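Listing of data_36.tsv, TSV, C-alpha atoms
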chain	number	residue	atom	x	y	z
M	1	MET	CA	3.57	24.44	-56.74
M	2	ASP	CA	3.15	20.69	-57.27
M	3	ILE	CA	4.81	18.76	-54.49
M	4	THR	CA	5.05	15.06	-53.80
M	5	ILE	CA	4.24	13.94	-50.25
M	6	LEU	CA	4.56	10.25	-49.49
M	7	GLU	CA	2.60	8.14	-47.01
M	8	GLY	CA	4.66	6.22	-44.47
M	9	TYR	CA	6.92	9.17	-43.75
M	10	LEU	CA	6.69	11.72	-40.93
M	11	TYR	CA	7.49	15.36	-41.56
M	12	THR	CA	8.76	18.44	-39.71
M	13	LYS	CA	7.75	22.07	-40.12
M	14	GLU	CA	11.24	22.72	-41.48
M	15	HIS	CA	10.52	20.15	-44.24
M	16	GLU	CA	12.64	17.21	-43.17
M	17	TRP	CA	11.19	13.70	-43.35
M	18	VAL	CA	11.88	10.62	-41.26
M	19	ARG	CA	11.04	7.01	-42.05
M	20	ILE	CA	11.14	4.64	-39.10
M	21	GLU	CA	12.85	1.32	-39.85
M	22	GLY	CA	12.75	-0.71	-36.61
M	23	PRO	CA	15.11	0.84	-34.04
M	24	LYS	CA	16.60	3.07	-36.70
M	25	ALA	CA	15.26	5.83	-38.93
M	26	LYS	CA	16.27	7.32	-42.24
M	27	ILE	CA	16.21	11.12	-42.60
M	28	GLY	CA	15.95	13.32	-45.65
M	29	ILE	CA	14.32	16.50	-46.90
M	30	SER	CA	10.92	16.75	-48.53
M	31	ASP	CA	10.08	17.51	-52.14
M	32	TYR	CA	8.89	20.95	-50.97
M	33	ALA	CA	12.33	21.64	-49.47
M	34	GLN	CA	14.35	20.46	-52.44
M	35	GLN	CA	12.25	22.60	-54.80
M	36	LYS	CA	12.79	25.68	-52.62
M	37	LEU	CA	16.51	25.04	-52.30
M	38	GLY	CA	17.14	24.69	-56.03
M	39	ASP	CA	20.08	22.74	-57.45
M	40	ILE	CA	21.88	21.11	-54.54
M	41	THR	CA	25.66	21.07	-54.89
M	42	TYR	CA	26.81	19.72	-51.53
M	43	ILE	CA	25.57	17.91	-48.42
M	44	ASP	CA	27.87	18.05	-45.42
M	45	PRO	CA	28.56	14.44	-44.28
M	46	THR	CA	27.23	13.71	-40.82
M	47	GLU	CA	29.57	12.13	-38.26
M	48	PRO	CA	28.63	8.56	-37.23
M	49	GLY	CA	28.31	8.28	-33.46
M	50	LYS	CA	27.31	11.90	-33.03
M	51	LYS	CA	24.20	12.48	-30.93
M	52	VAL	CA	21.50	14.77	-32.27
M	53	LYS	CA	18.43	16.26	-30.62
M	54	GLN	CA	14.98	16.61	-32.12
M	55	PHE	CA	14.62	19.83	-34.16
M	56	GLU	CA	18.25	20.80	-33.61
M	57	PHE	CA	21.00	21.14	-36.23
M	58	LEU	CA	21.77	17.89	-38.04
M	59	THR	CA	23.84	18.98	-41.00
M	60	GLY	CA	24.08	21.56	-43.77
M	61	VAL	CA	23.31	21.67	-47.45
M	62	GLU	CA	24.51	24.03	-50.16
M	63	SER	CA	22.52	25.11	-53.19
M	64	VAL	CA	22.77	28.20	-55.39
M	65	LYS	CA	25.57	29.68	-53.22
M	66	ALA	CA	23.34	29.39	-50.17
M	67	ALA	CA	24.16	27.30	-47.10
M	68	SER	CA	21.02	26.00	-45.37
M	69	ASP	CA	20.49	24.02	-42.20
M	70	ILE	CA	18.88	20.61	-41.92
M	71	TYR	CA	17.40	19.73	-38.54
M	72	ALA	CA	16.98	16.32	-36.92
M	73	PRO	CA	13.33	15.16	-36.95
M	74	LEU	CA	14.04	12.88	-33.97
M	75	SER	CA	16.68	12.61	-31.27
M	76	GLY	CA	19.20	9.82	-31.63
M	77	THR	CA	22.69	8.74	-32.59
M	78	ILE	CA	23.87	9.01	-36.17
M	79	THR	CA	24.65	5.58	-37.59
M	80	ALA	CA	25.17	6.36	-41.29
M	81	PHE	CA	25.46	9.05	-43.92
M	82	ASN	CA	24.38	8.42	-47.50
M	83	THR	CA	27.83	8.41	-49.11
M	84	ASP	CA	26.25	8.34	-52.59
M	85	LEU	CA	25.68	12.07	-51.99
M	86	ASP	CA	29.45	12.71	-51.86
M	87	ASP	CA	29.67	12.48	-55.63
M	88	ALA	CA	26.02	13.00	-56.50
M	89	PRO	CA	24.35	15.59	-54.21
M	90	GLU	CA	21.80	16.10	-56.97
M	91	LEU	CA	20.20	12.81	-55.85
M	92	VAL	CA	18.40	14.91	-53.23
M	93	ASN	CA	16.78	16.88	-56.07
M	94	LYS	CA	16.05	13.81	-58.18
M	95	ALA	CA	14.87	11.33	-55.55
M	96	CYS	CA	14.52	13.07	-52.19
M	97	TYR	CA	12.45	10.29	-50.59
M	98	THR	CA	14.51	7.32	-51.80
M	99	ASP	CA	18.08	7.45	-53.16
M	100	GLY	CA	18.48	10.99	-51.83
M	101	TRP	CA	18.12	10.08	-48.13
M	102	ILE	CA	20.73	11.91	-46.05
M	103	ALA	CA	21.36	10.27	-42.69
M	104	GLU	CA	20.36	7.29	-40.62
M	105	ILE	CA	20.01	7.46	-36.85
M	106	GLU	CA	19.33	5.08	-34.01
M	107	VAL	CA	16.18	6.52	-32.51
M	108	ALA	CA	16.50	7.59	-28.86
M	109	ASP	CA	12.82	8.13	-28.07
M	110	PRO	CA	10.11	6.81	-30.43
M	111	GLY	CA	7.61	8.92	-28.43
M	112	GLU	CA	8.98	12.04	-30.12
M	113	THR	CA	7.10	11.07	-33.29
M	114	LYS	CA	4.05	12.70	-31.70
M	115	ASN	CA	5.73	16.04	-32.52
M	116	LEU	CA	5.83	15.24	-36.26
M	117	MET	CA	3.24	15.44	-39.01
M	118	ASP	CA	1.92	12.52	-41.05
M	119	ALA	CA	1.46	12.90	-44.81
M	120	ALA	CA	-2.06	14.35	-44.54
M	121	ALA	CA	-1.10	16.91	-41.91
M	122	TYR	CA	2.04	17.89	-43.83
M	123	LYS	CA	-0.01	18.32	-47.00
M	124	ASN	CA	-2.29	20.77	-45.18
M	125	TYR	CA	0.72	22.50	-43.66
M	126	THR	CA	2.49	23.07	-46.98
M	127	ALA	CA	-0.77	24.19	-48.63
M	128	GLY	CA	-0.98	26.93	-46.01
M	129	LEU	CA	2.49	28.17	-46.86
M	130	GLU	CA	1.73	29.02	-50.49
J	1	MET	CA	1.57	47.97	-47.20
J	2	GLN	CA	3.26	48.29	-43.82
J	3	LEU	CA	6.46	50.32	-43.86
J	4	VAL	CA	9.49	48.23	-42.95
J	5	ARG	CA	12.29	50.00	-41.13
J	6	VAL	CA	15.79	48.65	-41.59
J	7	ARG	CA	18.73	49.30	-39.30
J	8	LEU	CA	21.68	50.66	-41.26
J	9	ILE	CA	25.12	49.96	-39.85
J	10	PRO	CA	27.44	52.53	-41.39
J	11	HIS	CA	30.47	51.69	-43.51
J	12	MET	CA	33.56	50.67	-41.56
J	13	PRO	CA	36.69	48.68	-42.44
J	14	ARG	CA	37.41	45.71	-40.16
J	15	SER	CA	39.46	42.52	-40.26
J	16	GLY	CA	38.08	39.39	-41.94
J	17	PRO	CA	37.36	37.49	-38.69
J	18	GLU	CA	35.69	40.57	-37.16
J	19	ASN	CA	33.59	41.17	-40.28
J	20	MET	CA	32.36	37.58	-40.35
J	21	ALA	CA	31.66	37.54	-36.60
J	22	LEU	CA	29.70	40.77	-36.97
J	23	ASP	CA	27.61	39.35	-39.81
J	24	GLU	CA	26.88	36.27	-37.72
J	25	TYR	CA	25.91	38.50	-34.80
J	26	LEU	CA	23.47	40.36	-37.09
J	27	VAL	CA	21.70	37.06	-37.79
J	28	SER	CA	21.19	36.64	-34.03
J	29	TRP	CA	20.16	40.27	-33.67
J	30	HIS	CA	17.60	39.92	-36.45
J	31	ARG	CA	16.21	36.70	-34.99
J	32	SER	CA	15.79	38.22	-31.54
J	33	THR	CA	14.40	41.61	-32.62
J	34	GLY	CA	12.54	40.61	-35.80
J	35	ARG	CA	13.98	43.70	-37.49
J	36	PRO	CA	15.97	43.69	-40.75
J	37	VAL	CA	19.51	45.03	-40.74
J	38	PHE	CA	21.75	46.21	-43.56
J	39	ARG	CA	25.47	46.81	-43.16
J	40	LEU	CA	28.14	48.28	-45.41
J	41	TYR	CA	31.76	47.47	-44.77
J	42	ALA	CA	35.32	47.03	-46.01
J	43	TRP	CA	38.25	44.74	-45.21
J	44	ASN	CA	41.47	45.79	-43.50
J	45	PRO	CA	43.80	43.98	-43.80
J	46	PRO	CA	42.81	42.30	-47.10
J	47	ALA	CA	41.40	38.81	-46.63
J	48	ILE	CA	40.25	35.77	-48.51
J	49	SER	CA	36.88	34.46	-47.43
J	50	LEU	CA	36.02	30.84	-48.11
J	51	GLY	CA	32.52	29.50	-48.63
J	52	ARG	CA	30.96	27.51	-45.77
J	53	TYR	CA	31.70	24.13	-47.32
J	54	GLN	CA	34.63	25.03	-49.53
J	55	ASN	CA	37.88	23.05	-49.44
J	56	ILE	CA	40.75	25.30	-48.36
J	57	GLU	CA	43.11	23.50	-50.73
J	58	CYS	CA	41.97	25.84	-53.53
J	59	ILE	CA	44.03	28.58	-51.80
J	60	ASP	CA	47.81	28.92	-51.63
J	61	ARG	CA	48.02	29.71	-47.91
J	62	GLU	CA	51.75	30.34	-47.94
J	63	ALA	CA	51.36	33.02	-50.57
J	64	CYS	CA	48.59	34.65	-48.50
J	65	ARG	CA	50.65	34.50	-45.31
J	66	ALA	CA	53.66	36.05	-47.06
J	67	ASP	CA	51.52	39.01	-48.16
J	68	GLY	CA	49.73	39.44	-44.82
J	69	VAL	CA	46.38	38.38	-46.28
J	70	ASP	CA	43.97	36.97	-43.68
J	71	MET	CA	41.97	33.82	-44.26
J	72	VAL	CA	38.45	33.44	-42.91
J	73	ARG	CA	35.59	31.02	-43.48
J	74	ARG	CA	32.09	32.41	-44.03
J	75	ILE	CA	28.83	30.88	-42.82
J	76	THR	CA	27.39	31.49	-46.29
J	77	GLY	CA	27.73	29.27	-49.34
J	78	GLY	CA	29.51	29.95	-52.60
J	79	GLY	CA	33.15	30.26	-53.59
J	80	ALA	CA	36.17	32.10	-52.23
J	81	ILE	CA	36.62	35.86	-52.63
J	82	TYR	CA	39.72	38.00	-52.27
J	83	HIS	CA	38.50	41.09	-50.40
J	84	ASP	CA	40.67	44.14	-50.81
J	85	ARG	CA	39.51	47.26	-52.62
J	86	GLU	CA	35.78	46.64	-52.60
J	87	LEU	CA	32.52	47.65	-50.97
J	88	THR	CA	30.84	44.85	-49.08
J	89	TYR	CA	27.28	44.65	-47.78
J	90	SER	CA	25.32	42.29	-45.60
J	91	LEU	CA	21.61	41.95	-45.03
J	92	ALA	CA	19.74	39.89	-42.45
J	93	CYS	CA	15.99	39.71	-43.00
J	94	THR	CA	13.04	37.42	-43.68
J	95	ALA	CA	10.81	37.14	-46.73
J	96	ASP	CA	8.17	39.24	-44.94
J	97	ASP	CA	10.54	42.22	-44.86
J	98	LEU	CA	10.74	42.29	-48.67
J	99	ASP	CA	8.00	43.85	-50.77
J	100	ARG	CA	7.77	40.82	-53.05
J	101	LYS	CA	7.78	37.67	-50.96
J	102	PRO	CA	10.39	35.22	-52.27
J	103	THR	CA	9.95	31.53	-51.55
J	104	THR	CA	12.82	29.83	-53.38
J	105	ILE	CA	16.51	30.65	-53.02
J	106	PRO	CA	16.83	31.92	-56.61
J	107	GLU	CA	13.83	34.23	-55.94
J	108	TYR	CA	15.58	35.67	-52.88
J	109	TYR	CA	18.59	36.53	-55.03
J	110	GLU	CA	16.38	37.98	-57.76
J	111	ILE	CA	14.56	40.28	-55.32
J	112	ILE	CA	17.49	41.30	-53.10
J	113	ASN	CA	20.06	41.72	-55.89
J	114	ARG	CA	17.81	44.22	-57.60
J	115	PHE	CA	19.45	46.94	-55.46
J	116	LEU	CA	22.82	46.08	-57.03
J	117	ILE	CA	21.38	46.25	-60.54
J	118	VAL	CA	19.93	49.69	-59.77
J	119	PHE	CA	23.19	50.81	-58.12
J	120	TYR	CA	25.18	49.95	-61.24
J	121	GLN	CA	22.51	51.49	-63.45
J	122	TRP	CA	22.70	54.74	-61.46
J	123	LEU	CA	26.42	54.72	-62.23
J	124	GLY	CA	25.49	54.55	-65.91
J	125	PHE	CA	26.20	50.88	-66.62
J	126	ARG	CA	23.90	48.36	-68.24
J	127	ALA	CA	23.84	45.78	-65.46
J	128	VAL	CA	21.75	42.65	-65.99
J	129	TYR	CA	21.25	39.29	-64.34
J	130	ALA	CA	23.40	36.50	-65.77
J	131	LYS	CA	20.26	34.73	-66.97
J	132	ASP	CA	19.52	37.73	-69.20
J	133	SER	CA	23.09	38.10	-70.40
J	134	ASP	CA	24.41	36.88	-73.75
J	135	GLY	CA	26.14	33.65	-74.63
J	136	ARG	CA	28.28	31.60	-72.28
J	137	SER	CA	28.34	34.30	-69.59
J	138	GLY	CA	24.71	33.50	-68.87
J	139	THR	CA	25.21	29.81	-68.21
J	140	VAL	CA	25.56	28.38	-64.71
J	141	GLN	CA	29.24	27.67	-63.92
J	142	HIS	CA	30.89	26.61	-60.68
J	143	ALA	CA	34.46	27.56	-59.75
J	144	ALA	CA	36.59	27.90	-56.62
J	145	PHE	CA	36.96	31.64	-57.21
J	146	CYS	CA	33.52	33.18	-56.74
J	147	PHE	CA	33.83	35.89	-59.38
J	148	SER	CA	34.58	33.39	-62.13
J	149	SER	CA	31.48	31.27	-61.49
J	150	ASN	CA	27.93	32.11	-62.51
J	151	GLU	CA	24.47	31.62	-61.11
J	152	LYS	CA	21.28	32.95	-62.73
J	153	TYR	CA	21.05	36.06	-60.55
J	154	ASP	CA	24.69	37.05	-60.57
J	155	ILE	CA	25.20	40.50	-62.01
J	156	MET	CA	26.84	41.06	-65.37
J	157	ILE	CA	28.13	44.21	-67.02
J	158	ASN	CA	29.40	44.03	-70.60
J	159	GLY	CA	29.08	40.23	-70.49
J	160	LYS	CA	31.32	39.90	-67.43
J	161	LYS	CA	30.38	39.07	-63.86
J	162	ILE	CA	30.82	41.85	-61.32
J	163	GLY	CA	31.03	40.94	-57.65
J	164	GLY	CA	29.47	37.97	-55.94
J	165	ASN	CA	26.74	37.22	-53.43
J	166	ALA	CA	26.10	34.34	-51.04
J	167	GLN	CA	23.46	33.35	-48.51
J	168	ARG	CA	22.96	31.57	-45.25
J	169	ARG	CA	19.48	30.40	-44.27
J	170	ILE	CA	18.55	29.74	-40.65
J	171	GLY	CA	14.88	28.97	-40.28
J	172	LYS	CA	13.04	31.94	-41.78
J	173	THR	CA	16.08	34.23	-41.57
J	174	VAL	CA	18.31	34.83	-44.55
J	175	LEU	CA	21.74	36.39	-44.33
J	176	GLN	CA	23.01	37.61	-47.67
J	177	HIS	CA	26.32	39.30	-48.11
J	178	GLY	CA	28.18	40.28	-51.22
J	179	SER	CA	30.86	42.44	-52.72
J	180	ILE	CA	31.15	45.27	-55.21
J	181	PRO	CA	34.75	45.18	-56.47
J	182	LEU	CA	36.24	48.63	-56.91
J	183	PHE	CA	39.53	47.21	-58.17
J	184	ILE	CA	40.68	43.63	-58.79
J	185	ASP	CA	44.37	42.89	-58.42
J	186	ARG	CA	44.62	40.07	-60.95
J	187	GLU	CA	48.26	39.35	-60.16
J	188	ARG	CA	47.38	38.67	-56.51
J	189	ILE	CA	44.38	36.56	-57.41
J	190	ASN	CA	46.51	34.40	-59.68
J	191	ARG	CA	49.01	34.05	-56.84
J	192	TYR	CA	46.48	33.08	-54.15
J	193	PHE	CA	44.08	30.85	-56.06
J	194	ARG	CA	45.22	27.45	-57.25
J	195	GLY	CA	44.10	26.03	-60.57
J	196	GLU	CA	43.08	27.53	-63.86
J	197	MET	CA	41.00	30.69	-63.78
J	198	ASP	CA	39.32	32.36	-66.72
J	199	GLY	CA	40.06	36.02	-66.02
J	200	SER	CA	37.91	37.13	-68.95
J	201	ARG	CA	34.75	36.15	-67.04
J	202	PHE	CA	34.83	38.87	-64.35
J	203	THR	CA	35.41	42.59	-64.00
J	204	SER	CA	35.53	45.46	-61.49
J	205	LEU	CA	34.30	49.06	-61.39
J	206	SER	CA	37.78	50.45	-62.09
J	207	GLU	CA	38.13	48.22	-65.17
J	208	ILE	CA	34.79	49.48	-66.46
J	209	ILE	CA	35.39	53.15	-65.64
J	210	GLY	CA	39.08	53.17	-66.46
J	211	ARG	CA	40.08	54.67	-63.11
J	212	GLU	CA	39.64	54.01	-59.39
J	213	PRO	CA	36.09	55.04	-58.42
J	214	ASP	CA	35.15	57.50	-55.68
J	215	THR	CA	34.31	55.34	-52.69
J	216	ALA	CA	32.36	57.76	-50.48
J	217	MET	CA	29.81	58.51	-53.19
J	218	LYS	CA	29.39	54.79	-53.97
J	219	ILE	CA	28.72	53.97	-50.32
J	220	ARG	CA	25.90	56.53	-50.23
J	221	LEU	CA	24.45	55.33	-53.54
J	222	LEU	CA	24.49	51.72	-52.42
J	223	ALA	CA	22.46	52.50	-49.30
J	224	GLU	CA	20.05	54.61	-51.36
J	225	SER	CA	19.56	51.94	-54.03
J	226	PHE	CA	18.83	49.39	-51.29
J	227	SER	CA	16.21	51.62	-49.71
J	228	GLU	CA	14.71	52.51	-53.09
J	229	THR	CA	14.39	48.96	-54.42
J	230	THR	CA	13.25	47.26	-51.21
J	231	GLY	CA	10.96	50.06	-50.06
J	232	MET	CA	12.50	49.82	-46.58
J	233	ARG	CA	13.11	53.02	-44.66
J	234	MET	CA	16.61	53.22	-43.20
J	235	TYR	CA	17.63	54.46	-39.81
J	236	GLN	CA	21.29	54.59	-38.91
J	237	GLU	CA	22.26	52.80	-35.72
J	238	ASP	CA	25.89	51.84	-35.36
J	239	ILE	CA	27.09	48.77	-33.51
J	240	THR	CA	27.31	49.58	-29.82
J	241	PRO	CA	30.29	48.76	-27.58
J	242	GLU	CA	28.08	46.22	-25.79
J	243	GLU	CA	27.27	44.54	-29.09
J	244	MET	CA	30.96	44.48	-30.01
J	245	ILE	CA	31.65	42.44	-26.88
J	246	VAL	CA	29.32	39.75	-28.26
J	247	VAL	CA	30.88	40.09	-31.73
J	248	HIS	CA	34.35	39.56	-30.30
J	249	SER	CA	33.21	36.56	-28.34
J	250	ILE	CA	31.86	35.00	-31.56
J	251	MET	CA	35.10	35.94	-33.33
J	252	ASN	CA	37.32	34.41	-30.67
J	253	ARG	CA	35.28	31.22	-30.40
J	254	LYS	CA	34.85	30.60	-34.09
J	255	TYR	CA	36.48	32.87	-36.67
J	256	LEU	CA	39.93	32.83	-35.05
J	257	ASP	CA	39.68	29.06	-34.55
J	258	HIS	CA	42.00	27.25	-36.95
J	259	ARG	CA	39.62	24.28	-37.12
J	260	TRP	CA	36.75	26.45	-38.38
J	261	THR	CA	38.90	28.15	-40.99
J	262	MET	CA	40.62	24.97	-42.18
J	263	GLU	CA	37.83	22.40	-41.96
J	264	GLY	CA	34.62	24.27	-41.28
J	265	ARG	CA	34.23	22.53	-37.91
J	266	THR	CA	33.09	24.30	-34.77
J	267	GLU	CA	32.74	23.13	-31.19
J	268	GLY	CA	29.83	25.42	-30.42
J	269	ASP	CA	26.58	26.09	-32.22
J	270	GLU	CA	26.71	26.34	-36.00
J	271	ILE	CA	25.27	29.87	-35.67
J	272	ALA	CA	25.41	31.95	-32.49
J	273	ALA	CA	22.15	31.55	-30.59
J	274	ALA	CA	19.55	34.30	-30.89
J	275	GLY	CA	19.71	34.78	-27.14
J	276	MET	CA	23.24	36.12	-27.46
J	277	ALA	CA	21.87	39.23	-29.06

Can you turn what I pasted into structure tokens?
Amino acid sequence: MDITILEGYLYTKEHEWVRIEGPKAKIGISDYAQQKLGDITYIDPTEPGKKVKQFEFLTGVESVKAASDIYAPLSGTITAFNTDLDDAPELVNKACYTDGWIAEIEVADPGETKNLMDAAAYKNYTAGLE
Amino acid sequence: MQLVRVRLIPHMPRSGPENMALDEYLVSWHRSTGRPVFRLYAWNPPAISLGRYQNIECIDREACRADGVDMVRRITGGGAIYHDRELTYSLACTADDLDRKPTTIPEYYEIINRFLIVFYQWLGFRAVYAKDSDGRSGTVQHAAFCFSSNEKYDIMINGKKIGGNAQRRIGKTVLQHGSIPLFIDRERINRYFRGEMDGSRFTSLSEIIGREPDTAMKIRLLAESFSETTGMRMYQEDITPEEMIVVHSIMNRKYLDHRWTMEGRTEGDEIAAAGMA
């Protein structure tokens, strides 16, 4: 399976990505995840102000009559949800690393990035899954 | 190939909230034991189940209340189903439990739903996946009422969809449940579901056979077709009274909570923790 993995992002074993932007971070799912999920029909909006913990439930996604969980790559407080996904959840399939970002958080502990994979490590990790 | 043993929970009618709490419990049980589990069940009283993220406004709640029809929200995706005279199954497993290892969601449906195809074939019907069906019935369609929408691995007989299946994925665990409609009360469905519905798109076993089917024989066949197609060996182990205490705690916390049913919001964990099992 051909998958796109971008530099400058950090990845989880559950196939979320995070891109640090100063004190905040954008979160989405990787190309590997969106291919496995199939056509995405809904992303549950995250609640601004809600606190999330690293690797714990962030929100849910629906594709092909399946509800799947998305986990937070880092702990923090949710500051935004990508409202473009309300009407166009397929953006996660079409542009998972850019227009298809899901949530933005204020990062609680930048040190938690040590628990994530960079692009090279994630590439090795996904290769081992096939 | 290592033989996989699957726990079979025998057929039993229960209320909608109890059924959904029990299926959620089985996810926890599977995650803590690592063993697959397959359950057959029915609904008493009749209930409408909503998909995890479905808007409840597609249902006429007053009409349901007047008829004593329960309303419950599932943890799985997909559209709403009116559960009355049907067989229902649930399965909690991982890809490693299946003889062909699926990786994408459509592949999971393709591999798991094979037991339904074989079940219908054993009954003498030419059941096929929607993707292999003719014309418009094979195209992907989304609708509030599950039976009138199509995905590639929905099951079709005579060009009409029969039953529906939905999944929940938690880490490596997949919960799939689905229904085999014995009889569809079209008058009730038209009363409970708002909006236009194309009744020509779906069917039931009684409509195909021309009479109400024998339930006991179908329950046995369904378990056998599952074992045959997955290669898993079944051992029957009913839910214990101790397990039912956990099930009822999940039911009381979540499935009897108005906020969960109406809005899909829950105060506790999205899925009961594995430790609860």

For M:Cys96, find every residue with an atom within 7 Å (counting only C-alpha atoms), except residues of its own chain fewer than 6 positions away, and show them as a PyMOL selection string. chain M and resi 28-31

Please indicate the distance in Å from atom CA of J:Leu50 to atom CA of J:Met262, rounded to one decimal place.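 That distance, rounded to one decimal, is 9.5 Å.
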
Of the listed residues M:Ala108, M:Asp69, M:Glu62, M:Pro89, that which approaches J:Gly79 most closely, counting only C-alpha atoms: M:Glu62

Using only C-alpha atoms, which residues sit within 12 Å of J:Gly171 once same-chain residues fewer than 5 positions away are excluded, as a ChimeraX atom specification? /M:13-15,55-57,67-71 /J:27-28,30-31,93-95,271,274

Mind listing as a ChimeraX atom specification which residues of chain J are within 10 Å of chain M, counting all atoms listed in the file? /J:51-54,74-79,102-107,109,140,142,146,150-153,164-172,174-176,269-271

Atom CA of J:Gly16 and atom CA of J:Val72, how far apart in Å? 6.0 Å

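For stretch 204-221 of chain J, the non-local neighbours within 6 Å, defined as residues at least 6 positions apart in the same chain or in other chains and counting all atoms listed in the file, are Ile162, Pro181, Leu182 and Phe183 of chain J.
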
Can you list, as an MDAnalysis selection string, every protein, DNA or RNA residue that comes within 9 Å of M:Asp118 when you count all atoms listed in the file, leaving out same-chain residues fewer than 4 positions away? chainID M and resid 7:11 122:123
